[in-house]
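Student: The structure follows.
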Amino acid sequence: ETGVTQTPRHLVMGMTNKKSLKCEQHLGHNAMYWYKQSAKKPLELMFVYNFKEQTENNSVPSRFSPECPNSSHLFLHLHTLQPEDSALYLCASSKGLAGDEQFFGPGTRLTVL
Amino acid sequence: GIQVEQSPPDLILQEGANSTLRCNFSDSVNNLQWFHQNPWGQLINLFYIPSGTKQNGRLSATTVATERYSLLYISSSQTTDSGVYFCAVAGYKLSFGAGTTVTVRA
């Protein structure tokens, strides 16, 4: 695998389900990010991790719970989601923070029924 | 946060035509990236260009940081150039514009 990978690519879940999104970067980067892209809206930054430590939570509801066990892996745990949470969730990584180039994974398209 | 405005919002081109996409931003930045989002949602890095001019094949980009804008040039457009083009800038956090949707017709 090269670059940034995400699984699953598609996910359909009910409002009472618990699921997790996984992101892995093979670039030797230290910073990882979760973004949300809803229809007709610009990409929104959700969380930032640098060397496994969370440095940014952009006022994201607690039903989204990130986890970064190491610099190569990032998870987004989902529980009790709402239909308006349906979106494309994109993971990205960069060498560091403060302006370094970011590289994105293919995304997980989430549908909440 | 930094405001990012892209224009035009939509662009329809005939194959072979040239075009210019513009990105204006509201504050000084230390990162500016152009992306192409394909129909499956993947964001493909086109340029990392906080200042200056770069070229990659039929695409080129120029950022004038002192005047807070960047331009993306597409020359001899092909149908495979269709998609949404995003500009994103960062002082610290990456902020995205709303994108320009490009449709290239054969």
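Please note that chains go A, B, ... in the order of the structure tokens, that every chain numbers its residues from 1, and that ligands are numbered from 1 in the order shown.
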Residues at most 8 Å from Leu78 of chain A, counting only C-alpha atoms, excluding those fewer than 4 positions away in the same chain, as a PyMOL selection string?
Tutor: chain A and resi 18-21+63-65
Student: Just need the residues of chain B within 8 Å of chain A, counting only C-alpha atoms, so spit them out as a list in words.
Tutor: Val29, Asn30, Asn31, Gln33, Trp40, Gly41, Gln42, Leu43, Ile44, Asn45, Tyr48, Ala90, Gly91, Tyr92, Lys93, Leu94, Ser95, Phe96, Gly97, Ala98 and Gly99 of chain B
Student: Among segment 15-95 of chain B, which ones does DSSP assign to helix (DSSP H, G or I) (computed from the backbone)? Answer as a PyMOL selection string.
Tutor: chain B and resi 65-67+79-81
Student: Taking all heavy atoms for each residue, export the selection above as a PDB file, in the first residue's frame.
Tutor:
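Okay, out.pdb is ready:
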ATOM      1  N   ALA B  65       1.482  35.864  -3.209  1.00  0.00           N
ATOM      2  CA  ALA B  65       1.139  35.862  -1.785  1.00  0.00           C
ATOM      3  C   ALA B  65       0.881  37.286  -1.269  1.00  0.00           C
ATOM      4  O   ALA B  65       0.005  37.497  -0.434  1.00  0.00           O
ATOM      5  CB  ALA B  65       2.242  35.196  -0.986  1.00  0.00           C
ATOM      6  N   THR B  66       1.635  38.248  -1.766  1.00  0.00           N
ATOM      7  CA  THR B  66       1.494  39.617  -1.280  1.00  0.00           C
ATOM      8  C   THR B  66       0.131  40.200  -1.651  1.00  0.00           C
ATOM      9  O   THR B  66      -0.366  41.098  -0.970  1.00  0.00           O
ATOM     10  CB  THR B  66       2.595  40.514  -1.852  1.00  0.00           C
ATOM     11  OG1 THR B  66       2.609  40.370  -3.278  1.00  0.00           O
ATOM     12  CG2 THR B  66       3.951  40.118  -1.286  1.00  0.00           C
ATOM     13  N   GLU B  67      -0.472  39.699  -2.736  1.00  0.00           N
ATOM     14  CA  GLU B  67      -1.785  40.178  -3.152  1.00  0.00           C
ATOM     15  C   GLU B  67      -2.889  39.180  -2.818  1.00  0.00           C
ATOM     16  O   GLU B  67      -4.040  39.378  -3.172  1.00  0.00           O
ATOM     17  CB  GLU B  67      -1.767  40.515  -4.645  1.00  0.00           C
ATOM     18  CG  GLU B  67      -0.794  41.633  -4.970  1.00  0.00           C
ATOM     19  CD  GLU B  67      -0.881  42.079  -6.417  1.00  0.00           C
ATOM     20  OE1 GLU B  67      -1.931  41.862  -7.055  1.00  0.00           O
ATOM     21  OE2 GLU B  67       0.113  42.647  -6.911  1.00  0.00           O
ATOM     22  N   THR B  79     -11.434  15.808 -21.549  1.00  0.00           N
ATOM     23  CA  THR B  79     -12.620  15.391 -20.782  1.00  0.00           C
ATOM     24  C   THR B  79     -12.229  14.863 -19.403  1.00  0.00           C
ATOM     25  O   THR B  79     -12.991  14.986 -18.440  1.00  0.00           O
ATOM     26  CB  THR B  79     -13.422  14.334 -21.537  1.00  0.00           C
ATOM     27  OG1 THR B  79     -12.573  13.237 -21.867  1.00  0.00           O
ATOM     28  CG2 THR B  79     -13.995  14.910 -22.838  1.00  0.00           C
ATOM     29  N   THR B  80     -11.040  14.304 -19.303  1.00  0.00           N
ATOM     30  CA  THR B  80     -10.582  13.783 -18.010  1.00  0.00           C
ATOM     31  C   THR B  80     -10.262  14.890 -17.001  1.00  0.00           C
ATOM     32  O   THR B  80     -10.046  14.607 -15.821  1.00  0.00           O
ATOM     33  CB  THR B  80      -9.331  12.914 -18.191  1.00  0.00           C
ATOM     34  OG1 THR B  80      -8.374  13.656 -18.960  1.00  0.00           O
ATOM     35  CG2 THR B  80      -9.665  11.615 -18.905  1.00  0.00           C
ATOM     36  N   ASP B  81     -10.231  16.140 -17.460  1.00  0.00           N
ATOM     37  CA  ASP B  81     -10.025  17.266 -16.540  1.00  0.00           C
ATOM     38  C   ASP B  81     -11.305  17.630 -15.796  1.00  0.00           C
ATOM     39  O   ASP B  81     -11.279  18.438 -14.864  1.00  0.00           O
ATOM     40  CB  ASP B  81      -9.540  18.498 -17.310  1.00  0.00           C
ATOM     41  CG  ASP B  81      -8.172  18.321 -17.927  1.00  0.00           C
ATOM     42  OD1 ASP B  81      -7.362  17.539 -17.362  1.00  0.00           O
ATOM     43  OD2 ASP B  81      -7.901  18.944 -18.978  1.00  0.00           O
TER      44      ASP B  81
END
Student: Take atom CA of Glu67 of chain A and atom CA of Met13 of chain A and report the distance between them in Å, one decimal.
Tutor: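 Atom CA of Met13 of chain A lies 20.0 Å from atom CA of Glu67 of chain A.
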